[in-house]
>>> print(open('final-v5.txt').read())   # compact mmCIF, C-alpha atoms
# COMPACT_ATOMS: atom_id res chain seq x y z
CA MET A 562 -6.52 -1.61 -9.40
CA ILE A 563 -9.19 -3.20 -11.57
CA PHE A 564 -8.21 -1.15 -14.62
CA SER A 565 -4.51 -1.97 -14.32
CA GLY A 566 -5.41 -5.58 -13.57
CA LEU A 567 -7.30 -5.73 -16.85
CA LEU A 568 -4.27 -4.32 -18.70
CA ILE A 569 -2.31 -7.27 -17.29
CA TYR A 570 -5.04 -9.87 -17.75
CA TRP A 571 -5.34 -9.02 -21.45
CA ALA A 572 -1.89 -10.53 -22.12
CA TYR A 573 -3.15 -13.97 -21.04
CA ASP A 574 -6.92 -14.23 -20.69
CA PRO A 575 -7.90 -17.88 -20.16
CA TYR A 576 -10.95 -17.58 -17.92
CA ARG A 577 -14.48 -18.26 -19.08
CA ILE A 578 -17.87 -19.48 -18.04
CA GLY A 579 -18.53 -22.82 -19.63
CA ALA A 580 -17.61 -26.47 -19.58
CA ARG A 581 -15.47 -28.53 -21.90
CA SER A 582 -15.83 -27.17 -25.42
CA VAL A 583 -18.88 -25.04 -24.62
CA THR A 584 -18.08 -21.46 -23.68
CA LEU A 585 -20.97 -19.30 -22.57
CA PHE A 586 -18.85 -16.26 -21.89
CA HIS A 587 -15.15 -15.66 -22.40
CA PHE A 588 -13.42 -13.09 -20.19
CA PHE A 589 -13.13 -11.01 -22.23
CA PRO A 590 -14.47 -10.85 -25.77
CA ASP A 591 -12.53 -8.80 -28.33
CA TRP A 592 -15.22 -6.15 -28.49
CA PHE A 593 -14.65 -5.44 -24.80
CA TYR A 594 -10.91 -4.90 -25.30
CA ASP A 595 -11.54 -2.76 -28.37
CA LEU A 596 -14.21 -0.70 -26.65
CA THR A 597 -12.12 0.01 -23.55
CA GLY A 598 -8.77 0.27 -25.34
CA ILE A 599 -7.03 -1.85 -22.72
CA ASN A 600 -5.23 -4.07 -25.24
CA ALA A 601 -1.45 -4.15 -25.66
CA GLN A 602 -0.51 -2.21 -22.52
CA LEU A 603 0.98 -4.95 -20.34
CA ALA A 604 4.06 -2.99 -19.24
CA ARG A 605 1.96 -0.02 -18.17
CA GLY A 606 -0.54 -2.31 -16.46
CA MET A 607 2.15 -3.99 -14.36
CA ALA A 608 3.76 -0.69 -13.38
CA LEU A 609 0.41 0.80 -12.38
CA HIS A 610 -0.69 -2.32 -10.53
CA PHE A 611 2.52 -2.57 -8.47
CA ALA A 612 2.36 1.14 -7.59
CA LEU A 613 -1.34 1.33 -6.71
CA ALA A 614 -1.10 -1.92 -4.74
CA TRP A 615 0.65 0.07 -2.01
CA ILE A 616 -2.37 2.36 -1.66
CA PHE A 617 -4.75 -0.60 -1.76
CA ALA A 618 -2.82 -2.46 0.94
CA LEU A 619 -2.12 0.49 3.24
CA ASN A 620 -5.67 1.83 2.95
CA GLY A 621 -7.12 -1.59 3.65
CA ILE A 622 -4.89 -2.16 6.66
CA ALA A 623 -5.71 1.34 8.03
CA TYR A 624 -9.43 0.70 7.57
CA PHE A 625 -9.19 -2.65 9.31
CA ILE A 626 -7.23 -1.27 12.26
CA TYR A 627 -9.59 1.71 12.64
CA THR A 628 -12.66 -0.52 12.55
CA VAL A 629 -11.26 -2.80 15.22
CA VAL A 630 -9.85 -0.07 17.51
CA SER A 631 -12.89 2.21 17.30
CA GLY A 632 -15.26 -0.64 18.12
CA GLU A 633 -17.20 0.04 14.90
CA TRP A 634 -16.70 -3.60 13.96
CA ARG A 635 -19.67 -4.35 16.24
CA GLU A 636 -21.96 -2.63 13.73
CA LEU A 637 -20.41 -4.53 10.81
CA VAL A 638 -19.74 -8.11 11.81
CA PRO A 639 -22.64 -10.49 11.13
CA GLU A 640 -24.51 -11.82 14.15
CA GLN A 641 -25.95 -15.27 14.48
CA LYS A 642 -29.37 -14.09 13.31
CA SER A 643 -27.89 -12.12 10.39
CA PHE A 644 -27.77 -15.05 8.01
CA ARG A 645 -31.50 -15.78 8.35
CA GLU A 646 -32.41 -12.11 8.36
CA ALA A 647 -30.28 -11.38 5.31
CA ALA A 648 -32.56 -13.63 3.25
CA LEU A 649 -35.56 -11.61 4.44
CA VAL A 650 -33.81 -8.34 3.58
CA ALA A 651 -32.98 -9.63 0.12
CA LEU A 652 -36.57 -10.79 -0.50
CA HIS A 653 -37.91 -7.49 0.82
CA ASP A 654 -35.58 -5.49 -1.44
CA MET A 655 -36.56 -7.56 -4.43
CA GLY A 656 -40.17 -6.48 -3.89
CA PHE A 657 -41.66 -9.46 -2.08
CA LYS A 658 -44.09 -8.64 0.70
CA VAL A 659 -41.78 -9.73 3.50
CA PRO A 660 -41.37 -7.64 6.64
CA LYS A 661 -37.96 -6.05 6.96
CA PRO A 662 -36.28 -7.23 10.16
CA PRO A 663 -35.33 -4.54 12.70
CA GLN A 664 -31.77 -3.33 12.31
CA GLY A 665 -29.07 -1.13 13.77
CA ARG A 666 -26.96 1.06 11.52
CA TYR A 667 -26.63 -1.74 8.96
CA ASN A 668 -29.09 -4.47 8.13
CA ALA A 669 -28.23 -8.15 8.12
CA ALA A 670 -27.45 -8.26 4.40
CA GLN A 671 -25.19 -5.24 4.74
CA ARG A 672 -23.37 -6.78 7.70
CA ILE A 673 -22.63 -9.90 5.68
CA SER A 674 -21.58 -8.14 2.49
CA TYR A 675 -19.51 -5.43 4.19
CA SER A 676 -17.66 -8.07 6.19
CA ALA A 677 -17.22 -10.28 3.15
CA ILE A 678 -15.76 -7.43 1.12
CA VAL A 679 -13.11 -6.83 3.80
CA ILE A 680 -12.17 -10.51 3.81
CA MET A 681 -12.10 -10.47 0.00
CA GLY A 682 -9.77 -7.47 0.13
CA GLY A 683 -7.40 -9.40 2.36
CA LEU A 684 -7.56 -12.39 0.01
CA SER A 685 -6.85 -10.17 -3.00
CA LEU A 686 -3.75 -8.88 -1.25
CA ILE A 687 -2.61 -12.41 -0.37
CA THR A 688 -3.27 -13.94 -3.80
CA GLY A 689 -1.73 -10.85 -5.42
CA LEU A 690 1.49 -11.25 -3.44
CA ALA A 691 1.46 -14.97 -4.28
CA ILE A 692 1.45 -14.11 -7.99
CA TYR A 693 3.89 -11.20 -7.61
CA LYS A 694 6.67 -13.11 -5.80
CA PRO A 695 6.04 -16.86 -6.15
CA ALA A 696 9.75 -17.59 -5.59
CA GLN A 697 10.47 -15.34 -2.61
CA LEU A 698 7.04 -15.97 -1.06
CA HIS A 699 6.79 -19.61 -2.15
CA TRP A 700 5.04 -20.56 1.11
CA LEU A 701 2.31 -18.01 0.41
CA THR A 702 1.86 -19.23 -3.16
CA ALA A 703 1.62 -22.81 -1.88
CA LEU A 704 -0.92 -21.69 0.73
CA VAL A 705 -3.36 -20.42 -1.91
CA GLY A 706 -2.97 -23.54 -4.06
CA GLY A 707 -0.05 -22.65 -6.34
CA TYR A 708 0.71 -20.03 -8.97
CA GLU A 709 -2.09 -20.78 -11.41
CA TRP A 710 -4.74 -21.09 -8.72
CA ALA A 711 -3.58 -17.82 -7.23
CA ARG A 712 -4.20 -16.05 -10.53
CA PHE A 713 -7.60 -17.73 -10.88
CA GLU A 714 -8.63 -16.70 -7.36
CA HIS A 715 -7.29 -13.17 -7.84
CA PHE A 716 -9.41 -12.82 -10.98
CA TRP A 717 -12.65 -14.12 -9.49
CA LEU A 718 -12.27 -12.03 -6.35
CA THR A 719 -12.17 -9.02 -8.66
CA MET A 720 -15.32 -10.20 -10.43
CA GLY A 721 -16.82 -10.37 -6.94
CA TYR A 722 -16.01 -6.67 -6.38
CA VAL A 723 -17.62 -5.74 -9.65
CA GLY A 724 -20.80 -7.57 -8.61
CA PHE A 725 -20.70 -6.00 -5.15
CA PHE A 726 -20.18 -2.55 -6.64
CA ALA A 727 -23.09 -2.88 -9.07
CA ILE A 728 -25.52 -3.98 -6.35
CA HIS A 729 -24.13 -1.41 -3.93
CA ILE A 730 -24.64 1.50 -6.33
CA GLY A 731 -28.11 0.26 -7.21
CA GLN A 732 -29.08 0.08 -3.54
CA VAL A 733 -27.65 3.52 -2.76
CA ILE A 734 -29.70 5.03 -5.56
CA ARG A 735 -32.82 3.23 -4.31
CA ALA A 736 -32.22 4.27 -0.70
CA GLY A 737 -32.40 7.92 -1.66
CA TRP A 738 -30.85 11.25 -0.77
CA ALA A 739 -30.85 11.11 3.05
CA ASN A 740 -28.93 7.82 2.97
CA PHE A 741 -26.40 9.10 0.44
CA ARG A 742 -25.94 12.26 2.51
CA SER A 743 -25.24 10.16 5.60
CA MET A 744 -22.68 8.11 3.64
CA VAL A 745 -20.79 11.24 2.64
CA THR A 746 -21.08 13.28 5.83
CA GLY A 747 -21.14 10.50 8.40
CA TYR A 748 -24.27 11.99 9.98
CA ASP A 749 -28.00 11.58 9.66
CA LEU A 750 -31.04 13.42 10.95
CA VAL A 751 -33.51 11.33 12.94
CA GLU A 752 -36.65 12.08 14.93
CA ALA A 753 -35.86 12.49 18.61
CA THR A 754 -37.90 10.54 21.10
CA THR A 755 -36.78 12.70 24.00
CA ILE A 756 -35.46 16.25 23.80
CA PRO A 757 -31.67 15.97 23.76
CA GLU A 758 -29.08 18.71 23.41
CA THR A 759 -28.38 19.74 19.84
CA GLU A 760 -24.99 18.09 19.83
CA GLU A 761 -26.48 14.75 20.79
CA LEU A 762 -29.25 15.13 18.28
CA VAL A 763 -27.03 15.58 15.26
CA ASN A 764 -24.80 12.77 16.41
CA ALA A 765 -27.70 10.41 16.85
CA GLU A 766 -27.48 7.20 14.90
CA MET B 1491 -31.19 29.70 22.01
CA PRO B 1492 -28.43 32.30 21.52
CA ASN B 1493 -27.72 31.49 17.86
CA LYS B 1494 -30.37 29.81 15.79
CA LEU B 1495 -28.58 26.48 15.47
CA THR B 1496 -31.38 24.15 14.47
CA PRO B 1497 -30.67 20.50 13.61
CA GLU B 1498 -31.55 21.25 9.98
CA ARG B 1499 -29.06 24.11 9.76
CA GLU B 1500 -26.37 22.05 11.44
CA MET B 1501 -27.08 19.16 9.06
CA SER B 1502 -26.87 21.33 5.98
CA ARG B 1503 -23.60 22.78 7.29
CA ARG B 1504 -22.21 19.30 7.69
CA THR B 1505 -23.60 18.26 4.32
CA ARG B 1506 -21.78 21.17 2.67
CA ARG B 1507 -18.59 20.24 4.46
CA GLY B 1508 -18.96 16.55 3.62
CA PHE B 1509 -19.59 17.09 -0.07
CA MET B 1510 -16.78 19.64 -0.34
CA ALA B 1511 -14.43 17.06 1.15
CA LEU B 1512 -15.77 14.46 -1.30
CA GLY B 1513 -15.27 16.85 -4.22
CA ALA B 1514 -11.78 17.77 -3.03
CA GLY B 1515 -10.94 14.08 -2.75
CA ALA B 1516 -12.15 13.48 -6.29
CA VAL B 1517 -10.10 16.41 -7.60
CA VAL B 1518 -6.97 15.18 -5.81
CA ALA B 1519 -7.53 11.64 -7.12
CA ALA B 1520 -8.04 12.88 -10.69
CA GLY B 1521 -4.95 15.09 -10.42
CA GLY B 1522 -2.92 12.19 -9.02
CA TRP B 1523 -4.02 9.98 -11.89
CA GLN B 1524 -3.04 12.66 -14.44
CA TRP B 1525 0.36 13.05 -12.80
CA LEU B 1526 0.92 9.29 -12.67
CA ASN B 1527 0.18 8.85 -16.37
CA ALA B 1528 1.55 12.12 -17.78
CA GLY B 1529 3.39 11.69 -21.05
CA TYR B 1530 2.44 8.04 -21.50
CA LYS B 1531 2.32 6.85 -25.07
CA ARG B 1532 1.12 3.40 -26.06
CA GLY B 1533 4.06 1.12 -26.74
CA GLY B 1534 6.57 3.57 -25.24
CA ASP B 1535 8.31 3.66 -21.90
CA ILE B 1536 6.22 4.14 -18.76
CA PRO B 1537 5.97 7.61 -17.10
CA SER B 1538 8.69 8.46 -14.59
CA PRO B 1539 6.54 8.26 -11.39
CA LEU B 1540 5.74 4.65 -12.28
CA ARG B 1541 9.40 3.93 -13.01
CA THR B 1542 10.26 5.41 -9.62
CA MET B 1543 7.76 3.07 -7.97
CA LEU B 1544 9.21 0.03 -9.76
CA ARG B 1545 12.65 1.08 -8.50
CA PHE B 1546 11.25 1.47 -5.00
CA ASN B 1547 9.67 -2.00 -5.15
CA GLU B 1548 12.98 -3.40 -6.41
CA ARG B 1549 14.81 -1.93 -3.41
CA VAL B 1550 12.20 -3.32 -1.02
CA VAL B 1551 12.37 -6.78 -2.55
CA ARG B 1552 16.17 -6.87 -2.79
CA SER B 1553 16.69 -5.75 0.78
CA ALA B 1554 13.79 -7.40 2.59
CA LEU B 1555 12.66 -10.38 0.56
CA PHE B 1556 15.25 -11.87 -1.77
CA SER B 1557 17.38 -14.65 -0.36
CA ASP B 1558 19.76 -17.22 -1.78
CA ASP B 1559 17.93 -19.74 0.35
CA HIS B 1560 14.57 -19.08 -1.30
CA LEU B 1561 14.37 -21.76 -3.94
CA VAL B 1562 11.73 -21.91 -6.62
CA LYS B 1563 9.52 -24.95 -6.53
CA THR B 1564 10.73 -27.96 -8.51
CA TYR B 1565 8.55 -30.57 -10.21
CA PRO B 1566 8.80 -34.21 -11.29
CA SER B 1567 9.64 -34.83 -14.95
CA SER B 1568 6.09 -36.05 -15.50
CA ALA B 1569 4.80 -32.48 -15.04
CA ILE B 1570 6.78 -31.10 -17.99
CA GLY B 1571 4.69 -29.22 -20.53
CA GLU B 1572 5.44 -27.78 -23.93
CA LEU B 1573 7.17 -24.44 -23.63
CA LYS B 1574 5.85 -21.86 -26.05
CA GLU B 1575 8.43 -20.26 -28.29
CA ASN B 1576 7.59 -16.70 -27.51
CA GLY B 1577 10.28 -14.49 -29.01
CA ASP B 1578 12.94 -14.65 -31.68
CA PHE B 1579 14.72 -11.33 -31.13
CA GLY B 1580 18.41 -11.85 -31.73
CA LEU B 1581 17.81 -15.31 -33.22
CA PRO B 1582 18.32 -14.92 -36.98
CA ASP B 1583 17.79 -18.02 -39.13
CA ASP B 1584 21.24 -17.83 -40.73
CA PHE B 1585 23.01 -18.51 -37.43
CA ASP B 1586 26.14 -20.63 -37.78
CA ALA B 1587 26.34 -22.90 -34.74
CA ASP B 1588 29.86 -24.12 -35.56
CA SER B 1589 31.43 -20.69 -35.34
CA TRP B 1590 29.68 -19.86 -32.05
CA ASN B 1591 31.70 -19.09 -28.99
CA LEU B 1592 30.98 -17.33 -25.75
CA ARG B 1593 32.78 -14.04 -25.18
CA LEU B 1594 33.35 -13.22 -21.56
CA MET B 1595 34.17 -9.65 -20.51
CA PRO B 1596 35.46 -9.67 -16.94
CA LEU B 1597 34.90 -6.98 -14.33
CA GLY B 1598 37.21 -3.97 -14.56
CA GLY B 1599 37.91 -4.31 -18.28
CA GLY B 1600 40.36 -7.23 -18.27
CA LEU B 1601 41.05 -9.27 -21.40
CA PRO B 1602 37.98 -10.92 -22.93
CA VAL B 1603 37.88 -14.71 -22.83
CA SER B 1604 36.45 -16.93 -25.55
CA LEU B 1605 34.84 -20.18 -24.52
CA THR B 1606 33.44 -23.14 -26.44
CA MET B 1607 30.70 -25.58 -25.48
CA ASP B 1608 33.42 -28.08 -24.59
CA ASP B 1609 34.81 -25.62 -22.05
CA LEU B 1610 31.36 -25.21 -20.53
CA ARG B 1611 30.74 -28.95 -20.36
CA THR B 1612 33.74 -29.30 -18.04
CA LEU B 1613 31.55 -27.75 -15.33
CA PRO B 1614 29.31 -29.99 -13.17
CA ARG B 1615 26.00 -30.60 -14.89
CA HIS B 1616 22.85 -29.66 -12.97
CA GLU B 1617 19.28 -30.44 -13.91
CA GLU B 1618 16.15 -28.69 -12.67
CA THR B 1619 12.46 -28.90 -13.51
CA ILE B 1620 10.81 -25.59 -12.73
CA ASP B 1621 7.74 -23.59 -13.67
CA PHE B 1622 8.84 -21.17 -16.38
CA LYS B 1623 6.80 -18.00 -15.89
CA CYS B 1624 6.11 -15.52 -18.64
CA VAL B 1625 5.50 -11.87 -17.86
CA GLU B 1626 2.27 -12.30 -19.85
CA GLY B 1627 0.84 -14.47 -17.08
CA TRP B 1628 1.13 -18.04 -18.35
CA SER B 1629 3.60 -20.58 -17.08
CA THR B 1630 4.90 -23.96 -18.25
CA VAL B 1631 6.78 -26.60 -16.29
CA THR B 1632 10.12 -26.97 -18.07
CA GLN B 1633 13.29 -28.91 -17.46
CA PHE B 1634 16.69 -27.33 -18.02
CA ALA B 1635 20.14 -28.81 -17.67
CA GLY B 1636 23.52 -27.12 -17.79
CA ALA B 1637 26.04 -25.42 -15.55
CA ARG B 1638 25.30 -23.28 -12.52
CA PHE B 1639 26.11 -19.69 -13.36
CA SER B 1640 27.84 -19.23 -9.98
CA GLU B 1641 30.14 -22.19 -10.70
CA PHE B 1642 30.76 -20.85 -14.20
CA VAL B 1643 31.88 -17.52 -12.73
CA ALA B 1644 34.05 -19.21 -10.12
CA LYS B 1645 35.91 -21.13 -12.82
CA PHE B 1646 36.07 -18.78 -15.80
CA ALA B 1647 35.72 -15.31 -14.30
CA PRO B 1648 36.79 -15.53 -10.65
CA GLY B 1649 37.73 -11.85 -10.61
CA SER B 1650 34.16 -10.91 -11.48
CA ALA B 1651 32.50 -12.69 -8.57
CA ASN B 1652 31.87 -9.40 -6.77
CA ALA B 1653 30.39 -7.49 -9.71
CA GLY B 1654 27.05 -5.81 -9.00
CA TYR B 1655 25.52 -6.64 -12.37
CA VAL B 1656 25.78 -9.09 -15.22
CA ALA B 1657 24.98 -8.22 -18.83
CA MET B 1658 24.17 -10.84 -21.46
CA ALA B 1659 23.49 -10.47 -25.17
CA THR B 1660 22.86 -12.60 -28.23
CA PRO B 1661 25.78 -12.91 -30.69
CA ASP B 1662 24.24 -10.22 -32.93
CA GLY B 1663 23.19 -8.01 -30.00
CA GLY B 1664 19.56 -8.19 -31.09
CA TYR B 1665 18.44 -9.16 -27.59
CA TYR B 1666 20.11 -8.29 -24.32
CA VAL B 1667 19.35 -8.51 -20.62
CA GLY B 1668 20.76 -6.99 -17.46
CA LEU B 1669 20.75 -8.95 -14.22
CA ASP B 1670 21.44 -8.02 -10.62
CA ALA B 1671 24.28 -10.23 -9.39
CA PRO B 1672 22.39 -11.87 -6.49
CA SER B 1673 19.77 -13.23 -8.91
CA ALA B 1674 22.40 -14.31 -11.44
CA MET B 1675 24.44 -16.07 -8.74
CA HIS B 1676 21.37 -17.84 -7.31
CA SER B 1677 21.91 -21.60 -7.14
CA GLN B 1678 19.04 -22.30 -9.58
CA THR B 1679 20.40 -20.01 -12.28
CA LEU B 1680 21.83 -22.18 -15.07
CA LEU B 1681 23.65 -21.68 -18.34
CA ALA B 1682 21.58 -24.36 -20.02
CA TRP B 1683 22.33 -26.47 -23.10
CA GLU B 1684 19.55 -29.01 -22.62
CA MET B 1685 15.82 -28.53 -22.35
CA ASN B 1686 13.23 -31.19 -21.53
CA GLY B 1687 15.80 -33.96 -21.92
CA GLU B 1688 17.11 -32.93 -25.33
CA ASP B 1689 19.75 -30.62 -26.71
CA LEU B 1690 18.49 -27.08 -26.86
CA ALA B 1691 16.56 -26.42 -30.07
CA ASP B 1692 17.43 -23.39 -32.20
CA GLU B 1693 14.16 -21.62 -31.40
CA HIS B 1694 14.84 -22.09 -27.69
CA GLY B 1695 18.28 -20.59 -27.91
CA ALA B 1696 20.84 -23.20 -29.02
CA PRO B 1697 23.57 -23.71 -28.17
CA LEU B 1698 23.42 -21.94 -24.80
CA ARG B 1699 20.67 -20.05 -23.01
CA LEU B 1700 19.98 -18.72 -19.57
CA ALA B 1701 17.54 -20.49 -17.22
CA ILE B 1702 16.89 -18.11 -14.34
CA PRO B 1703 13.71 -19.22 -12.57
CA VAL B 1704 13.83 -16.38 -10.01
CA LYS B 1705 13.00 -14.07 -12.95
CA TYR B 1706 10.25 -13.80 -15.53
CA GLY B 1707 10.89 -15.41 -18.92
CA ILE B 1708 12.03 -12.11 -20.47
CA LYS B 1709 15.31 -12.42 -18.53
CA ASN B 1710 15.90 -16.04 -19.66
CA ILE B 1711 17.90 -14.93 -22.70
CA LYS B 1712 18.34 -17.40 -25.54
CA ARG B 1713 21.55 -18.00 -27.53
CA ILE B 1714 23.98 -16.14 -25.30
CA GLY B 1715 26.95 -14.76 -27.21
CA LYS B 1716 28.39 -12.28 -24.73
CA ILE B 1717 28.54 -12.04 -20.97
CA ALA B 1718 29.96 -8.94 -19.29
CA PHE B 1719 30.36 -7.98 -15.64
CA GLY B 1720 30.04 -4.48 -14.23
CA ASP B 1721 28.92 -2.32 -11.40
CA THR B 1722 26.31 -0.26 -13.19
CA GLU B 1723 22.93 -1.40 -14.42
CA PRO B 1724 23.33 -2.85 -17.93
CA PRO B 1725 20.97 -2.05 -20.80
CA ASP B 1726 17.96 -4.34 -20.93
CA TYR B 1727 15.75 -4.96 -23.95
CA TRP B 1728 12.38 -4.99 -22.16
CA ARG B 1729 13.38 -2.40 -19.57
CA GLU B 1730 13.72 -0.03 -22.54
CA ARG B 1731 10.17 -0.95 -23.57
CA GLY B 1732 8.45 -0.12 -20.31
CA TYR B 1733 9.01 -3.22 -18.21
CA ASP B 1734 10.56 -3.51 -14.78
CA PHE B 1735 14.35 -3.91 -14.86
CA TYR B 1736 14.28 -6.26 -11.90
CA ALA B 1737 11.43 -8.51 -13.13
CA GLY B 1738 12.05 -10.86 -10.20
CA LEU B 1739 9.74 -13.53 -8.92
>>> encode(input="final-v5.txt", output="structure tokens")
Amino acid sequence: MIFSGLLIYWAYDPYRIGARSVTLFHFFPDWFYDLTGINAQLARGMALHFALAWIFALNGIAYFIYTVVSGEWRELVPEQKSFREAALVALHDMGFKVPKPPQGRYNAAQRISYSAIVIMGGLSLITGLAIYKPAQLHWLTALVGGYEWARFEHFWLTMGYVGFFAIHIGQVIRAGWANFRSMVTGYDLVEATTIPETEELVNAE
Amino acid sequence: MPNKLTPEREMSRRTRRGFMALGAGAVVAAGGWQWLNAGYKRGGDIPSPLRTMLRFNERVVRSALFSDDHLVKTYPSSAIGELKENGDFGLPDDFDADSWNLRLMPLGGGLPVSLTMDDLRTLPRHEETIDFKCVEGWSTVTQFAGARFSEFVAKFAPGSANAGYVAMATPDGGYYVGLDAPSAMHSQTLLAWEMNGEDLADEHGAPLRLAIPVKYGIKNIKRIGKIAFGDTEPPDYWRERGYDFYAGL
């Protein structure tokens, strides 16, 4: 989705970091387009984007329904204490000598970011539809602030994913093999405090 | 313990299984990507699976979303911006405005009709200020005035009112668009001869252009010379260059 979005964005790329006549960073500089070869492929970008959007939407909806129905949302949704604890987790991970708060499957910072990313996914779908059919879905386009705002929001949500992804990958590498294995397999090995049956042991969280 | 199923052995079994599933997923994804893009050449048409998906989306939108009652947003005159002149295909400089007329080819191959601007001006004049949206992503609030296409058909081509498609081309055939009839007959679709309060400028398609705000700008053909009605999808300049035929908003 991000790749095909860039193919589309190239055709009209107004966003930047800066104010008035001062531009600190333009999304995106020519060297970026040249390096990635994403220039001059608008038709392909639109066709890809409007095909892959089905997978994005259906996968996201399936994930959301599963998380709600299975009850797994309890592990993911931030609690009242999460917002304070998340700051401690962040300081701890940045190397400050701060005790890491006790956690369940996910720590406070994870709860917040994993919930935020789901909300962002929903917003990407909504703003995307608002750009895709601003006449037929005029109420939706109005809801997100109009056509131009929708495109602006859609772009910055994507920048948000890129930031999330970079931090996420960094943290996975730091967390090490056992964590990565549990991400892929869905299981982890932990020390037992009592002596359970094997089946319970390998399912322990 | 009948079989030596230790937690470690069970974990490594599940690890193997998990990573094989991950690898298989990656292979399927890579294969799917190859298939989706097979045969693509820069600047050419898009690969057929992508074309099929655009067709599918078109069917979904036409059957579940499009409605005559869905009007595009209109703006006050104060919001009008300067519309970029973004294409001059089919607009040669040596165009002779005085010899222009509109050739109308009715449904079923009846006799062509030739119309002048005076004929068109007998139709009720409508004015609309809409956000003109380019397929590139930018948009400009623009005012158009002219005749409703549906009223034009009712008066000059009543036998073509039930055609499935409308084809339009510049006098020299250098640019051409195909339109599904429901979009063409939408109440905000105009045959326009004024833009932003003035007569249409040459570079914006004088003497007569299409203003169809339920479509991207690529369908808003300038300097219409021919209009034909039919029941099969007409050729379309940008459709032949990889874009969606429908291009609806």
>>> residues_around(input="final-v5.txt", residues="Ile1620 in chain B", least_positions_apart="3", cutoff="8 Å", atoms="only C-alpha atoms", output="PyMOL selection string")
chain B and resi 1562-1565+1631-1633+1703
>>> write_last_selection(input="final-v5.txt", atoms="C-alpha atoms", output="PDB file, keeping the file's coordinate frame")
ATOM      1  CA  VAL B1562      11.730 -21.910  -6.620  1.00  0.00           C
ATOM      2  CA  LYS B1563       9.520 -24.950  -6.530  1.00  0.00           C
ATOM      3  CA  THR B1564      10.730 -27.960  -8.510  1.00  0.00           C
ATOM      4  CA  TYR B1565       8.550 -30.570 -10.210  1.00  0.00           C
ATOM      5  CA  VAL B1631       6.780 -26.600 -16.290  1.00  0.00           C
ATOM      6  CA  THR B1632      10.120 -26.970 -18.070  1.00  0.00           C
ATOM      7  CA  GLN B1633      13.290 -28.910 -17.460  1.00  0.00           C
ATOM      8  CA  PRO B1703      13.710 -19.220 -12.570  1.00  0.00           C
TER       9      PRO B1703
END
>>> residues_around(input="final-v5.txt", residues="range 591-608 of chain A", least_positions_apart="5", cutoff="8 Å", atoms="only C-alpha atoms", output="list in words")
Phe564, Ser565, Gly566, Leu567, Leu568, Ile569, Trp571 and Ala572 of chain A; Arg1532, Gly1533, Ile1536, Leu1540, Arg1541, Met1543, Leu1544, Glu1626, Arg1731, Gly1732, Tyr1733 and Asp1734 of chain B
>>> residues_around(input="final-v5.txt", residues="Val679 in chain A", least_positions_apart="6", cutoff="12 Å", atoms="all atoms listed in the file", output="PyMOL selection string")
chain A and resi 617-618+620-626+628+634+637-638+672-673+685-686+718+721-722+725
>>> atom_distance(input="final-v5.txt", atom1="CA of Ala1674 in chain B", atom2="CA of Phe1639 in chain B")
6.8 Å
>>> interface_residues(input="final-v5.txt", of="chain A", to="chain B", cutoff="7 Å", atoms="only C-alpha atoms", output="PDB file with C-alpha atoms, in the coordinates of the input")
ATOM      1  CA  ALA A 572      -1.890 -10.530 -22.120  1.00  0.00           C
ATOM      2  CA  TYR A 573      -3.150 -13.970 -21.040  1.00  0.00           C
ATOM      3  CA  GLN A 602      -0.510  -2.210 -22.520  1.00  0.00           C
ATOM      4  CA  ALA A 604       4.060  -2.990 -19.240  1.00  0.00           C
ATOM      5  CA  ARG A 605       1.960  -0.020 -18.170  1.00  0.00           C
ATOM      6  CA  ALA A 608       3.760  -0.690 -13.380  1.00  0.00           C
ATOM      7  CA  LEU A 609       0.410   0.800 -12.380  1.00  0.00           C
ATOM      8  CA  ALA A 612       2.360   1.140  -7.590  1.00  0.00           C
ATOM      9  CA  TYR A 693       3.890 -11.200  -7.610  1.00  0.00           C
ATOM     10  CA  LYS A 694       6.670 -13.110  -5.800  1.00  0.00           C
ATOM     11  CA  PRO A 695       6.040 -16.860  -6.150  1.00  0.00           C
ATOM     12  CA  ALA A 696       9.750 -17.590  -5.590  1.00  0.00           C
ATOM     13  CA  GLN A 697      10.470 -15.340  -2.610  1.00  0.00           C
ATOM     14  CA  ARG A 742     -25.940  12.260   2.510  1.00  0.00           C
ATOM     15  CA  VAL A 745     -20.790  11.240   2.640  1.00  0.00           C
ATOM     16  CA  THR A 746     -21.080  13.280   5.830  1.00  0.00           C
ATOM     17  CA  THR A 759     -28.380  19.740  19.840  1.00  0.00           C
ATOM     18  CA  VAL A 763     -27.030  15.580  15.260  1.00  0.00           C
TER      19      VAL A 763
END
>>> residues_around(input="final-v5.txt", residues="range 1715-1718 of chain B", least_positions_apart="2", cutoff="6 Å", atoms="all atoms listed in the file", output="list of chain:residue names")
B:Leu1592, B:Arg1593, B:Leu1594, B:Met1595, B:Val1656, B:Ala1657, B:Met1658, B:Ala1659, B:Thr1660, B:Pro1661
>>> residues_around(input="final-v5.txt", residues="Ile1711 in chain B", least_positions_apart="4", cutoff="7 Å", atoms="only C-alpha atoms", output="CSV table (one decimal) with C-alpha atoms, keeping the file's coordinate frame")
chain,number,residue,atom,x,y,z
B,1667,VAL,CA,19.4,-8.5,-20.6
B,1699,ARG,CA,20.7,-20.0,-23.0
B,1700,LEU,CA,20.0,-18.7,-19.6
>>> closest_residue(input="final-v5.txt", among="A:Leu690, A:Ala614, A:Met720, A:Ala670", to="Arg577 in chain A", atoms="all atoms listed in the file")
A:Met720
